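Student: my_file.cif is reproduced below (mmCIF, C-alpha atoms).
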data_input
loop_
_atom_site.label_atom_id
_atom_site.label_comp_id
_atom_site.auth_asym_id
_atom_site.auth_seq_id
_atom_site.Cartn_x
_atom_site.Cartn_y
_atom_site.Cartn_z
CA MET F 1 100.66 21.08 87.94
CA THR F 2 103.76 20.37 85.83
CA TYR F 3 104.36 17.81 83.12
CA PRO F 4 108.08 17.24 82.49
CA LEU F 5 108.85 17.28 78.78
CA LEU F 6 110.91 14.12 78.77
CA ARG F 7 108.88 12.02 81.21
CA LYS F 8 109.01 8.43 79.96
CA SER F 9 105.22 8.02 79.80
CA SER F 10 104.98 11.20 77.71
CA LEU F 11 107.62 9.98 75.28
CA LYS F 12 105.78 6.67 74.91
CA LEU F 13 102.84 8.65 73.58
CA LEU F 14 104.75 11.31 71.64
CA PHE F 15 106.85 8.95 69.53
CA PRO F 16 103.92 6.92 68.13
CA ALA F 17 102.00 10.19 67.67
CA LEU F 18 104.81 11.44 65.44
CA ALA F 19 104.53 8.44 63.09
CA PRO F 20 101.66 9.56 60.82
CA ALA F 21 102.69 13.25 60.80
CA LEU F 22 106.47 13.07 60.38
CA GLY F 23 106.41 12.89 56.57
CA GLY F 24 104.28 16.04 56.34
CA ALA F 25 106.69 18.17 58.37
CA VAL F 26 108.87 19.20 55.41
CA SER F 27 108.90 22.86 56.40
CA LEU F 28 108.39 24.97 59.52
CA GLN F 29 105.00 26.06 58.17
CA GLY F 30 103.91 22.48 57.37
CA GLY F 31 105.04 21.16 60.74
CA LEU F 32 103.30 23.94 62.64
CA LEU F 33 100.12 23.47 60.61
CA LEU F 34 99.93 19.73 61.35
CA GLY F 35 100.81 20.34 65.00
CA LEU F 36 98.13 23.02 65.34
CA VAL F 37 95.49 20.83 63.66
CA ILE F 38 96.30 17.99 66.04
CA LEU F 39 96.30 20.29 69.09
CA GLY F 40 92.92 21.69 68.00
CA LEU F 41 91.52 18.20 67.48
CA VAL F 42 92.79 17.06 70.88
CA LEU F 43 90.86 19.95 72.43
CA VAL F 44 87.67 19.48 70.40
CA THR F 45 87.46 15.68 70.55
CA GLY F 46 88.32 15.70 74.25
CA ALA F 47 85.57 18.17 75.08
CA LEU F 48 83.07 16.40 72.83
CA ASN F 49 83.79 13.00 74.34
CA ILE F 50 83.34 14.31 77.84
CA VAL F 51 80.14 16.19 77.05
CA LEU F 52 78.45 13.63 74.80
CA ALA F 53 79.55 10.47 76.58
CA GLY F 54 77.00 8.19 78.14
CA ALA F 55 77.41 6.50 81.49
CA VAL F 56 80.85 7.09 82.99
CA PRO F 57 82.38 4.15 84.86
CA LEU F 58 82.46 5.16 88.51
CA PRO F 59 85.17 4.20 90.98
CA PRO F 60 84.19 1.43 93.43
CA GLY F 61 82.09 2.68 96.29
CA ARG F 62 80.72 5.75 94.52
CA ASP F 63 76.95 6.33 94.68
CA THR F 64 75.55 6.10 91.15
CA ASP F 65 72.46 8.19 92.02
CA THR F 66 74.42 11.23 93.08
CA ALA F 67 77.45 10.98 90.80
CA GLY F 68 75.68 11.13 87.42
CA THR F 69 77.51 11.62 84.15
CA ALA F 70 79.57 14.58 83.06
CA GLY F 71 76.80 15.79 80.76
CA GLU F 72 74.08 15.43 83.40
CA GLU F 73 76.02 17.48 85.87
CA LEU F 74 76.56 20.16 83.24
CA HIS F 75 72.84 19.97 82.28
CA ILE F 76 73.57 19.24 78.64
CA PRO F 77 70.61 17.64 76.85
CA LEU F 78 72.82 15.67 74.42
CA THR F 79 74.24 13.44 77.18
CA GLY F 80 74.17 9.76 76.31
CA LEU F 81 73.90 10.44 72.59
CA VAL F 82 77.18 8.63 71.99
CA PRO F 83 77.38 5.25 73.74
CA ARG F 84 80.76 4.02 74.94
CA GLY F 85 80.99 1.36 72.21
CA VAL F 86 81.07 3.86 69.35
CA ARG F 87 83.02 6.65 71.03
CA MET F 88 86.16 5.82 69.01
CA VAL F 89 84.23 6.01 65.72
CA CYS F 90 82.67 9.31 66.83
CA THR F 91 86.15 10.66 67.63
CA ALA F 92 87.47 9.59 64.22
CA ILE F 93 84.51 11.22 62.44
CA THR F 94 85.00 14.45 64.40
CA ALA F 95 88.71 14.43 63.59
CA ILE F 96 88.29 13.82 59.86
CA THR F 97 85.59 16.51 59.73
CA GLY F 98 88.04 18.95 61.32
CA ALA F 99 90.79 17.89 58.90
CA THR F 100 88.42 18.30 55.93
CA LEU F 101 87.48 21.82 57.06
CA VAL F 102 91.17 22.73 57.32
CA ARG F 103 91.67 21.25 53.84
CA PHE F 104 88.91 23.44 52.40
CA PHE F 105 90.38 26.49 54.12
CA LEU F 106 93.85 25.77 52.68
CA LEU F 107 92.37 25.03 49.25
CA VAL F 108 91.13 28.62 49.14
CA HIS F 109 93.88 30.46 51.03
CA ASP F 110 97.12 28.47 50.61
CA PRO F 111 97.01 25.68 47.98
CA GLU F 112 100.81 25.35 48.04
CA LEU F 113 100.81 24.47 51.74
CA LEU F 114 97.96 22.03 51.14
CA GLU F 115 100.03 20.33 48.46
CA ALA F 116 102.99 20.11 50.85
CA VAL F 117 101.02 18.47 53.70
CA GLY F 118 98.91 16.50 51.15
CA VAL F 119 98.13 13.01 52.35
CA PHE F 120 99.25 13.76 55.90
CA LEU F 121 96.31 16.03 56.73
CA PRO F 122 93.66 13.24 56.75
CA LEU F 123 96.13 11.07 58.68
CA VAL F 124 95.66 13.29 61.77
CA THR F 125 92.56 11.14 62.31
CA ILE F 126 94.64 8.15 63.30
CA ASN F 127 96.99 10.18 65.47
CA ILE F 128 97.21 8.44 68.80
CA LEU F 129 96.92 11.76 70.71
CA VAL F 130 93.53 12.38 69.08
CA LEU F 131 92.16 8.82 69.30
CA ARG F 132 93.26 8.68 72.93
CA GLN F 133 90.57 11.23 73.74
CA ALA F 134 87.96 8.52 73.24
CA VAL F 135 89.26 6.69 76.33
CA LEU F 136 90.17 9.82 78.25
CA TYR F 137 88.02 9.08 81.28
CA GLU F 138 89.79 5.93 82.25
CA PRO F 139 93.46 6.96 82.19
CA GLU F 140 92.99 10.41 83.64
CA GLY F 141 90.41 9.58 86.29
CA ALA F 142 87.91 12.11 84.98
CA ALA F 143 85.12 9.91 86.30
CA ALA F 144 86.20 10.67 89.83
CA ARG F 145 85.86 14.43 89.33
CA ARG F 146 82.74 16.50 89.83
CA GLY F 147 80.99 19.09 87.67
CA LEU F 148 83.12 21.33 85.50
CA ARG F 149 86.31 19.81 86.87
CA ARG F 150 85.56 16.81 84.65
CA LEU F 151 86.42 18.96 81.65
CA GLN F 152 90.04 19.09 82.79
CA PHE F 153 92.30 17.22 80.44
CA GLY F 154 95.43 19.23 80.92
CA ARG F 155 97.89 16.45 80.24
CA SER F 156 96.45 15.84 76.77
CA LEU F 157 96.68 19.53 75.94
CA TRP F 158 100.23 19.68 77.29
CA LEU F 159 101.18 16.69 75.15
CA GLY F 160 99.49 18.32 72.15
CA PHE F 161 101.48 21.50 72.77
CA VAL F 162 104.78 19.62 73.10
CA PHE F 163 103.84 17.72 69.93
CA LEU F 164 103.28 21.04 68.14
CA LEU F 165 106.76 22.21 69.19
CA VAL F 166 108.41 18.91 68.18
CA LEU F 167 106.68 18.85 64.79
CA GLY F 168 107.44 22.53 64.17
CA GLY F 169 111.08 21.91 65.13
CA THR F 170 111.29 18.87 62.86
CA GLY F 171 109.78 20.88 60.02
CA ALA F 172 112.27 23.71 60.57
CA VAL F 173 115.26 21.32 60.62
CA ARG F 174 114.06 19.57 57.46
CA GLU F 175 113.47 22.90 55.72
CA VAL F 176 117.01 24.02 56.56
CA LEU F 177 118.46 20.70 55.36
CA LEU F 178 116.37 20.60 52.18
CA THR F 179 116.63 24.22 51.06
CA GLY F 180 119.56 25.59 53.06
CA SER F 181 117.39 28.37 54.45
CA LEU F 182 114.57 28.96 56.92
CA GLY F 183 111.99 31.16 55.27
CA ASP F 184 114.00 33.94 53.63
CA THR F 185 117.05 33.54 55.90
CA ALA F 186 119.92 31.61 54.34
CA ILE F 187 121.54 29.29 56.88
CA LEU F 188 123.48 26.53 55.10
CA ALA F 189 125.94 27.17 52.30
CA ILE F 190 126.45 23.47 51.51
CA ASP F 191 123.94 21.06 49.99
CA LEU F 192 122.66 18.64 52.65
CA SER F 193 119.33 18.03 50.96
CA PHE F 194 119.67 14.23 51.17
CA PHE F 195 119.40 14.43 54.96
CA GLY F 196 116.13 16.33 54.69
CA ALA F 197 114.63 13.90 52.16
CA PRO F 198 112.45 11.04 53.50
CA GLY F 199 115.28 8.47 53.38
CA GLY F 200 117.98 10.67 54.89
CA VAL F 201 115.78 12.06 57.62
CA LEU F 202 115.57 8.53 59.06
CA LEU F 203 119.35 8.61 59.55
CA VAL F 204 119.10 12.05 61.18
CA ILE F 205 116.35 10.86 63.55
CA GLY F 206 118.38 7.75 64.42
CA ALA F 207 121.48 9.87 65.15
CA LEU F 208 119.49 12.35 67.29
CA LEU F 209 117.84 9.51 69.24
CA ALA F 210 121.24 7.87 69.81
CA ALA F 211 122.69 11.20 71.03
CA ALA F 212 119.72 11.74 73.38
CA LYS F 213 120.06 8.18 74.73
CA ALA F 214 123.83 8.58 75.21
CA LEU F 215 123.29 11.85 77.12
CA THR F 216 120.59 10.29 79.31
CA LEU F 217 122.75 7.25 80.07
CA GLY F 218 125.75 9.52 80.74
CA SER F 219 123.85 11.71 83.21
CA ARG F 220 122.47 8.63 84.98
CA GLY F 221 126.00 7.26 85.22
CA LYS F 222 127.21 10.51 86.82
CA GLU F 223 124.32 10.45 89.31
CA ALA F 224 125.21 6.88 90.26
CA MET D 1 102.17 -8.19 32.49
CA ALA D 2 105.81 -7.07 32.63
CA ASP D 3 104.59 -3.58 33.53
CA LEU D 4 102.55 -4.95 36.42
CA GLY D 5 105.60 -6.85 37.68
CA TYR D 6 107.60 -3.62 37.42
CA LEU D 7 104.94 -1.82 39.51
CA ILE D 8 105.07 -4.50 42.21
CA ILE D 9 108.87 -4.50 42.36
CA GLY D 10 108.83 -0.69 42.34
CA GLY D 11 106.39 -0.68 45.27
CA VAL D 12 108.66 -3.00 47.23
CA LEU D 13 111.91 -1.19 46.43
CA TRP D 14 112.13 2.40 45.19
CA ASN D 15 108.47 3.36 45.77
CA ASN D 16 108.50 1.85 49.25
CA ILE D 17 105.95 3.71 51.35
CA ILE D 18 108.31 4.10 54.33
CA VAL D 19 111.20 5.34 52.22
CA THR D 20 109.25 7.75 49.99
CA HIS D 21 106.58 9.12 52.32
CA LEU D 22 107.71 8.16 55.86
CA LEU D 23 104.36 6.41 56.28
CA GLY D 24 104.03 3.27 58.37
CA LEU D 25 106.61 4.27 60.97
CA PHE D 26 104.22 3.46 63.82
CA PRO D 27 105.74 0.02 64.57
CA PHE D 28 109.20 1.59 64.76
CA LEU D 29 108.27 4.66 66.83
CA GLY D 30 105.82 2.71 68.97
CA GLU D 31 106.24 -0.91 69.85
CA GLN D 32 107.36 -3.30 67.14
CA PRO D 33 106.05 -6.87 67.44
CA PRO D 34 108.77 -8.94 69.12
CA THR D 35 109.20 -11.74 66.57
CA VAL D 36 109.98 -11.79 62.87
CA ARG D 37 106.89 -13.98 62.31
CA GLU D 38 104.54 -11.48 63.98
CA ASN D 39 106.08 -8.64 61.95
CA GLY D 40 105.44 -10.64 58.79
CA ILE D 41 101.83 -11.25 59.79
CA LEU D 42 101.35 -7.56 60.63
CA GLY D 43 102.73 -6.58 57.23
CA LEU D 44 100.59 -9.08 55.34
CA LEU D 45 97.43 -8.08 57.25
CA THR D 46 98.21 -4.43 56.42
CA THR D 47 98.55 -5.42 52.75
CA VAL D 48 95.18 -7.23 52.84
CA THR D 49 93.58 -4.19 54.54
CA ILE D 50 95.07 -1.88 51.90
CA LEU D 51 93.79 -4.02 49.02
CA VAL D 52 90.26 -4.51 50.40
CA SER D 53 89.90 -0.83 51.43
CA LEU D 54 91.28 0.41 48.12
CA SER D 55 88.95 -1.89 46.15
CA ALA D 56 85.99 -0.61 48.16
CA GLY D 57 87.14 2.98 47.64
CA LEU D 58 87.54 2.42 43.89
CA ILE D 59 83.97 1.06 43.73
CA LEU D 60 82.41 3.67 46.01
CA ARG D 61 83.90 6.69 44.26
CA PRO D 62 82.28 6.32 40.80
CA PHE D 63 79.11 4.54 41.94
CA VAL D 64 78.19 6.36 45.16
CA LEU D 65 80.23 9.49 45.90
CA ASP D 66 80.32 11.04 42.41
CA PRO D 67 76.63 10.42 41.48
CA LEU D 68 75.51 11.88 44.82
CA GLY D 69 77.87 14.84 44.44
CA ILE D 70 79.55 14.17 47.79
CA HIS D 71 83.11 13.73 46.57
CA TYR D 72 84.31 15.89 49.47
CA MET D 73 83.33 13.07 51.84
CA GLU D 74 85.88 10.69 50.29
CA HIS D 75 88.36 11.01 53.15
CA LEU D 76 85.63 10.40 55.72
CA VAL D 77 84.58 7.24 53.87
CA ILE D 78 88.19 5.99 53.67
CA VAL D 79 88.84 6.73 57.34
CA LEU D 80 85.81 4.62 58.24
CA LEU D 81 86.62 1.90 55.68
CA VAL D 82 90.12 1.04 56.90
CA PRO D 83 89.22 0.30 60.57
CA THR D 84 86.08 -1.50 59.37
CA VAL D 85 88.16 -3.83 57.22
CA ALA D 86 90.59 -4.33 60.13
CA ALA D 87 87.63 -5.15 62.41
CA ILE D 88 86.26 -7.67 59.87
CA LEU D 89 89.71 -9.28 59.76
CA GLN D 90 89.62 -9.48 63.56
CA ILE D 91 86.22 -11.20 63.53
CA ALA D 92 87.37 -13.60 60.80
CA GLY D 93 90.62 -14.22 62.66
CA ARG D 94 88.85 -15.49 65.77
CA ARG D 95 88.27 -18.77 63.93
CA VAL D 96 92.01 -19.27 63.35
CA ASP D 97 94.24 -20.38 66.23
CA TRP D 98 97.47 -18.74 65.08
CA PHE D 99 95.86 -15.37 64.37
CA PRO D 100 97.44 -12.63 66.55
CA ALA D 101 94.41 -10.43 67.36
CA HIS D 102 96.56 -8.02 69.39
CA LEU D 103 98.22 -6.81 66.17
CA LEU D 104 94.99 -5.47 64.69
CA PRO D 105 94.95 -1.97 66.24
CA ARG D 106 98.43 -1.48 64.75
CA ILE D 107 97.08 -2.08 61.24
CA PHE D 108 95.02 1.08 61.07
CA LEU D 109 97.18 3.07 63.50
CA ASN D 110 100.38 2.65 61.49
CA GLY D 111 99.33 5.03 58.74
CA ALA D 112 100.58 2.81 55.91
CA ALA D 113 97.11 1.40 55.20
CA LEU D 114 95.26 4.72 55.28
CA GLY D 115 98.13 6.55 53.56
CA VAL D 116 98.41 4.13 50.63
CA VAL D 117 94.62 4.07 50.09
CA ILE D 118 94.41 7.89 50.04
CA LEU D 119 97.52 8.21 47.85
CA LYS D 120 96.27 5.71 45.30
CA LEU D 121 92.72 7.10 45.18
CA GLU D 122 94.08 10.62 44.66
CA SER D 123 96.65 9.54 42.05
CA GLY D 124 93.92 9.22 39.40
CA SER D 125 95.51 6.11 37.84
CA GLY D 126 93.47 3.11 36.67
CA ALA D 127 91.97 0.57 39.06
CA VAL D 128 94.27 -2.32 38.14
CA GLU D 129 97.39 -0.14 38.23
CA SER D 130 96.37 1.33 41.61
CA LEU D 131 95.69 -2.10 43.10
CA VAL D 132 98.94 -3.60 41.81
CA THR D 133 101.03 -0.64 43.03
CA ALA D 134 99.25 -0.75 46.40
CA PHE D 135 99.98 -4.48 46.63
CA GLY D 136 103.66 -3.76 45.95
CA MET D 137 103.70 -1.02 48.59
CA GLY D 138 102.10 -3.35 51.13
CA LEU D 139 104.72 -5.99 50.36
CA GLY D 140 107.45 -3.33 50.66
CA PHE D 141 106.16 -2.38 54.11
CA THR D 142 106.16 -6.07 55.10
CA VAL D 143 109.71 -6.58 53.82
CA LEU D 144 111.07 -3.58 55.78
CA LEU D 145 109.28 -4.66 58.98
CA ILE D 146 110.77 -8.15 58.71
CA LEU D 147 114.20 -6.90 57.68
CA VAL D 148 114.60 -4.44 60.55
CA ARG D 149 113.38 -6.93 63.16
CA ALA D 150 115.60 -9.69 61.70
CA ILE D 151 118.67 -7.44 61.82
CA GLU D 152 117.88 -6.36 65.37
CA THR D 153 117.52 -9.91 66.64
CA ARG D 154 120.87 -11.06 65.23
CA PRO D 155 123.39 -12.00 67.93
CA GLU D 156 125.94 -9.52 66.51
CA THR D 157 123.81 -6.61 67.75
CA THR D 158 125.00 -7.33 71.29
CA LEU D 159 128.29 -5.75 70.15
CA VAL D 160 126.47 -2.49 69.43
CA PRO D 161 126.89 0.16 72.19
CA VAL D 162 123.97 0.39 74.59
CA TRP D 163 123.08 3.95 73.50
CA LEU D 164 122.65 2.77 69.91
CA ARG D 165 120.40 -0.20 70.66
CA GLY D 166 116.64 -0.19 70.13
CA MET D 167 115.00 2.74 68.36
CA PRO D 168 118.22 4.55 67.24
CA LEU D 169 119.53 1.36 65.60
CA GLN D 170 116.16 0.73 63.94
CA PHE D 171 116.14 4.22 62.40
CA ILE D 172 119.75 4.11 61.25
CA THR D 173 119.07 0.69 59.69
CA LEU D 174 115.97 2.08 57.98
CA GLY D 175 117.95 5.09 56.77
CA MET D 176 120.67 2.89 55.29
CA ILE D 177 118.09 0.66 53.60
CA ALA D 178 116.47 3.85 52.24
CA LEU D 179 119.84 4.97 50.90
CA ALA D 180 120.31 1.60 49.18
CA LEU D 181 116.79 1.64 47.71
CA LYS D 182 117.26 5.21 46.47
CA GLY D 183 120.16 3.92 44.42
CA LEU D 184 117.79 1.50 42.66
CA SER D 185 115.36 4.21 41.58
CA GLY D 186 117.15 4.79 38.29
CA ILE D 187 116.64 1.21 37.05
#
Could you write out this structure as structure tokens?
Tutor:
Amino acid sequence: MTYPLLRKSSLKLLFPALAPALGGAVSLQGGLLLGLVILGLVLVTGALNIVLAGAVPLPPGRDTDTAGTAGEELHIPLTGLVPRGVRMVCTAITAITGATLVRFFLLVHDPELLEAVGVFLPLVTINILVLRQAVLYEPEGAAARRGLRRLQFGRSLWLGFVFLLVLGGTGAVREVLLTGSLGDTAILAIDLSFFGAPGGVLLVIGALLAAAKALTLGSRGKEA
Amino acid sequence: MADLGYLIIGGVLWNNIIVTHLLGLFPFLGEQPPTVRENGILGLLTTVTILVSLSAGLILRPFVLDPLGIHYMEHLVIVLLVPTVAAILQIAGRRVDWFPAHLLPRIFLNGAALGVVILKLESGSGAVESLVTAFGMGLGFTVLLILVRAIETRPETTLVPVWLRGMPLQFITLGMIALALKGLSGI
């Protein structure tokens, strides 16, 4: 199964997902950290929602006696603990718990990185890729699957992985623009720090989006 | 009083949450409401959410979290507070005809509300100062939302090349506004 990187439906999710994390990606390390936290939360909240969810809406014509819920088929005693109505809240609580644990870890091992990602770490809770896990059954047709196959949520993980790469790339570009170097490797000899600062990075994003759109339109024109 | 006015103006201009922290970009990266009026309402509802959530946070911290020794749960409390306030607004809004209920998920998803509340609670400044600055930041978010949508809906934008329309134009506009606001930071 393949998921093209620039499929329109993927971009419609990736762009809004970038919104609460973009400010925290000021370095390669910061971007990768936020991306990894979000990828981890996508995995954890997705699995939790599938395992703990109550009754799964079945497709028309399916026999409710034999289909059961994901948890029942996996023989998990916690099934039904989280009703559908509060699944979003449960997802948010799981996500903020994960973010808090990462915060404690960084507080002990890397306080400088924690200061750099600062306010953006708790904001992973409202990341659309994470919150989307609460409604995972409906868009991905998990209800129609049987047994362990219901635990498949490959597209979410793929999106999380692409998100990690995008955020890491953004962090690396901003680090180069802000400091002129990537880690210990000097790259830029001139000062372009304005374009890495929050105001200037908006111009850079706008220019990159315009270039991407021009290339897409150009290739479509050639195909026509 | 003059200081409070300075804080509000600062929140709108040089301390603007979008310009300084890149928070609240959700409407630009996602789907911005189509009309200037709806953008204004979204901004004002975000401001109300910020003020109510921040007030609740400022009360809960010294009277509940600190006495119980559960300060580490502050982020969890805030994350639950902001959508709760948005949901209360939604329930209250059902009584008003003009209230656009479809905008409500964007209030807590846009990051400005949650970001400002966390920033102000962690800043350690006084309650009044925090609330006034947060109010200014909410207004600043509203002003930028309205400004970008108003520029984009002007008839002159039809002269802009196709590859620059939409999201690229929004970001370049935001970047230029940021550049202008940065110039005001020395006042």
Student: At a cut-off of 7 Å, which residues of chain F touch chain D? Count all atoms listed in the file and give the answer as a list in words.
Tutor: Phe15, Pro16, Ala19, Pro20, Leu22, Gly23, Ile93, Ile96, Val119, Pro122, Leu123, Ile126, Pro198, Gly199, Gly200, Leu202, Leu203, Ile205, Gly206, Ala207, Leu209, Ala210, Lys213 and Ala214 of chain F
Student: Specify as number ranges by chain each residue included when the PyMOL selection byres ((chain F and resi 14) around 10) is applied to this file.
Tutor: F: 6, 8-13, 15-19, 127-129, 159-160, 162-163, 166; D: 29-30
Student: With all atoms listed in the file as the counted atoms, please give the residues lying no more than 10 Å from Val44 of chain F, apart from itself and same-chain residues fewer than 5 positions off, as a short mmCIF file (atom, residue, chain, number, x, y, z; two decimals) with C-alpha atoms, in the coordinates of the input.
Tutor:
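Result saved to result14.cif:
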data_model
loop_
_atom_site.label_atom_id
_atom_site.label_comp_id
_atom_site.auth_asym_id
_atom_site.auth_seq_id
_atom_site.Cartn_x
_atom_site.Cartn_y
_atom_site.Cartn_z
CA ILE F 38 96.30 17.99 66.04
CA LEU F 39 96.30 20.29 69.09
CA ASN F 49 83.79 13.00 74.34
CA THR F 91 86.15 10.66 67.63
CA THR F 94 85.00 14.45 64.40
CA ALA F 95 88.71 14.43 63.59
CA GLY F 98 88.04 18.95 61.32
CA VAL F 130 93.53 12.38 69.08
CA GLN F 133 90.57 11.23 73.74
#
Student: Name the residues that the PyMOL selection byres ((chain D and resi 128-134) around 8) picks from the file above, as a ChimeraX atom specification, using the file's chain letters and numbers.
Tutor: /D:4,7-8,10-11,47,50-51,54-55,116-117,120-121,125-127,135-138
Student: For a quick check of understanding, using all atoms listed in the file, which of D:Val48, D:Leu145, D:Leu139, D:Ile41 has the smallest distance to Phe99 of chain D?
Tutor: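 For Phe99 of chain D, the nearest of the given residues is D:Ile41.
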Student: Given 5 Å of margin on each side, can you work out the centre and size in Å (one decimal) of an axis-aligned box holding every listed atom of segment 146-160 of chain D, as lines of an AutoDock Vina configuration file?
Tutor:
center_x = 119.5
center_y = -7.2
center_z = 64.5
size_x = 27.5
size_y = 19.5
size_z = 23.6
Student: Here's the selection I'm unsure about, the PyMOL selection byres ((chain D and resi 39) around 10); applied to the file above, which residues does it give, as JSON, numbers by chain?
Tutor: {"D": [27, 32, 33, 34, 35, 36, 37, 38, 40, 41, 42, 43, 44, 45, 103, 142, 143, 144, 145, 146, 147, 148, 149, 150]}
Student: Grab the residues selected above and save them as a CSV table (one decimal), keeping the file's coordinate frame with C-alpha atoms.
Tutor:
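Heads up, here's the output in out.csv:
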chain,number,residue,atom,x,y,z
D,27,PRO,CA,105.7,0.0,64.6
D,32,GLN,CA,107.4,-3.3,67.1
D,33,PRO,CA,106.0,-6.9,67.4
D,34,PRO,CA,108.8,-8.9,69.1
D,35,THR,CA,109.2,-11.7,66.6
D,36,VAL,CA,110.0,-11.8,62.9
D,37,ARG,CA,106.9,-14.0,62.3
D,38,GLU,CA,104.5,-11.5,64.0
D,40,GLY,CA,105.4,-10.6,58.8
D,41,ILE,CA,101.8,-11.2,59.8
D,42,LEU,CA,101.4,-7.6,60.6
D,43,GLY,CA,102.7,-6.6,57.2
D,44,LEU,CA,100.6,-9.1,55.3
D,45,LEU,CA,97.4,-8.1,57.2
D,103,LEU,CA,98.2,-6.8,66.2
D,142,THR,CA,106.2,-6.1,55.1
D,143,VAL,CA,109.7,-6.6,53.8
D,144,LEU,CA,111.1,-3.6,55.8
D,145,LEU,CA,109.3,-4.7,59.0
D,146,ILE,CA,110.8,-8.2,58.7
D,147,LEU,CA,114.2,-6.9,57.7
D,148,VAL,CA,114.6,-4.4,60.6
D,149,ARG,CA,113.4,-6.9,63.2
D,150,ALA,CA,115.6,-9.7,61.7
Student: Could you tell me how far atom CA of Phe104 of chain F sits from atom CA of Gly168 of chain F, in Å to one decimal place?
Tutor: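 Atom CA of Phe104 of chain F lies 22.0 Å from atom CA of Gly168 of chain F.
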Student: Just give me the gap between atom CA of Ile50 of chain F and atom CA of Leu32 of chain F in Å, one decimal is fine.
Tutor: 26.9 Å
Student: Take atom CA of Leu107 of chain F and atom CA of Gly171 of chain F and report the distance between them in Å, one decimal.
Tutor: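 Result for atom CA of Leu107 of chain F versus atom CA of Gly171 of chain F: 20.9 Å, one decimal.
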Student: Tell me which of F:Ala92, F:Ala99, F:Leu182, F:Ala134 sits closest to Val51 of chain F, counting all atoms listed in the file.
Tutor: F:Ala134
Student: Give as a ChimeraX atom specification each residue that has an atom at most 12 Å from (94.0, 21.6, 48.1) in the file, counting all atoms listed in the file.
Tutor: /F:99-119,121 /D:72,122
Student: For each of F:Ala172, F:Leu157, F:Ala211, F:Leu28, take the minimum atom-to-atom distance to Ala47 of chain F, counting all atoms listed in the file, then give the residue where this is smallest.
Tutor: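 Of all the options, F:Leu157 lies closest to Ala47 of chain F.
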Student: Kindly complete segment 142-155 of chain D to N, CA and C atoms; the output should be written as a PDB file, in the coordinates of the input.
Tutor:
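rebuild-v9.pdb, freshly written:
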ATOM      1  N   THR D 142     105.926  -4.782  54.424  1.00  0.00           N
ATOM      2  CA  THR D 142     106.160  -6.070  55.100  1.00  0.00           C
ATOM      3  C   THR D 142     107.653  -6.413  55.109  1.00  0.00           C
ATOM      4  N   VAL D 143     108.288  -6.236  53.945  1.00  0.00           N
ATOM      5  CA  VAL D 143     109.710  -6.580  53.820  1.00  0.00           C
ATOM      6  C   VAL D 143     110.551  -5.745  54.797  1.00  0.00           C
ATOM      7  N   LEU D 144     110.277  -4.430  54.878  1.00  0.00           N
ATOM      8  CA  LEU D 144     111.070  -3.580  55.780  1.00  0.00           C
ATOM      9  C   LEU D 144     110.841  -3.945  57.250  1.00  0.00           C
ATOM     10  N   LEU D 145     109.572  -4.250  57.592  1.00  0.00           N
ATOM     11  CA  LEU D 145     109.280  -4.660  58.980  1.00  0.00           C
ATOM     12  C   LEU D 145     110.097  -5.898  59.354  1.00  0.00           C
ATOM     13  N   ILE D 146     110.057  -6.888  58.449  1.00  0.00           N
ATOM     14  CA  ILE D 146     110.770  -8.150  58.710  1.00  0.00           C
ATOM     15  C   ILE D 146     112.276  -7.919  58.770  1.00  0.00           C
ATOM     16  N   LEU D 147     112.755  -7.134  57.801  1.00  0.00           N
ATOM     17  CA  LEU D 147     114.200  -6.900  57.680  1.00  0.00           C
ATOM     18  C   LEU D 147     114.769  -6.233  58.934  1.00  0.00           C
ATOM     19  N   VAL D 148     114.098  -5.174  59.381  1.00  0.00           N
ATOM     20  CA  VAL D 148     114.600  -4.440  60.550  1.00  0.00           C
ATOM     21  C   VAL D 148     114.576  -5.307  61.792  1.00  0.00           C
ATOM     22  N   ARG D 149     113.468  -6.060  61.971  1.00  0.00           N
ATOM     23  CA  ARG D 149     113.380  -6.930  63.160  1.00  0.00           C
ATOM     24  C   ARG D 149     114.433  -8.049  63.085  1.00  0.00           C
ATOM     25  N   ALA D 150     114.623  -8.602  61.861  1.00  0.00           N
ATOM     26  CA  ALA D 150     115.600  -9.690  61.700  1.00  0.00           C
ATOM     27  C   ALA D 150     117.007  -9.203  62.007  1.00  0.00           C
ATOM     28  N   ILE D 151     117.330  -7.993  61.556  1.00  0.00           N
ATOM     29  CA  ILE D 151     118.670  -7.440  61.820  1.00  0.00           C
ATOM     30  C   ILE D 151     118.837  -7.219  63.328  1.00  0.00           C
ATOM     31  N   GLU D 152     117.779  -6.700  63.948  1.00  0.00           N
ATOM     32  CA  GLU D 152     117.880  -6.360  65.370  1.00  0.00           C
ATOM     33  C   GLU D 152     118.017  -7.593  66.259  1.00  0.00           C
ATOM     34  N   THR D 153     117.463  -8.712  65.805  1.00  0.00           N
ATOM     35  CA  THR D 153     117.520  -9.910  66.640  1.00  0.00           C
ATOM     36  C   THR D 153     118.775 -10.750  66.396  1.00  0.00           C
ATOM     37  N   ARG D 154     119.628 -10.308  65.486  1.00  0.00           N
ATOM     38  CA  ARG D 154     120.870 -11.060  65.230  1.00  0.00           C
ATOM     39  C   ARG D 154     121.807 -10.960  66.447  1.00  0.00           C
ATOM     40  N   PRO D 155     122.534 -12.028  66.744  1.00  0.00           N
ATOM     41  CA  PRO D 155     123.390 -12.000  67.930  1.00  0.00           C
ATOM     42  C   PRO D 155     124.478 -10.925  67.870  1.00  0.00           C
TER      43      PRO D 155
END
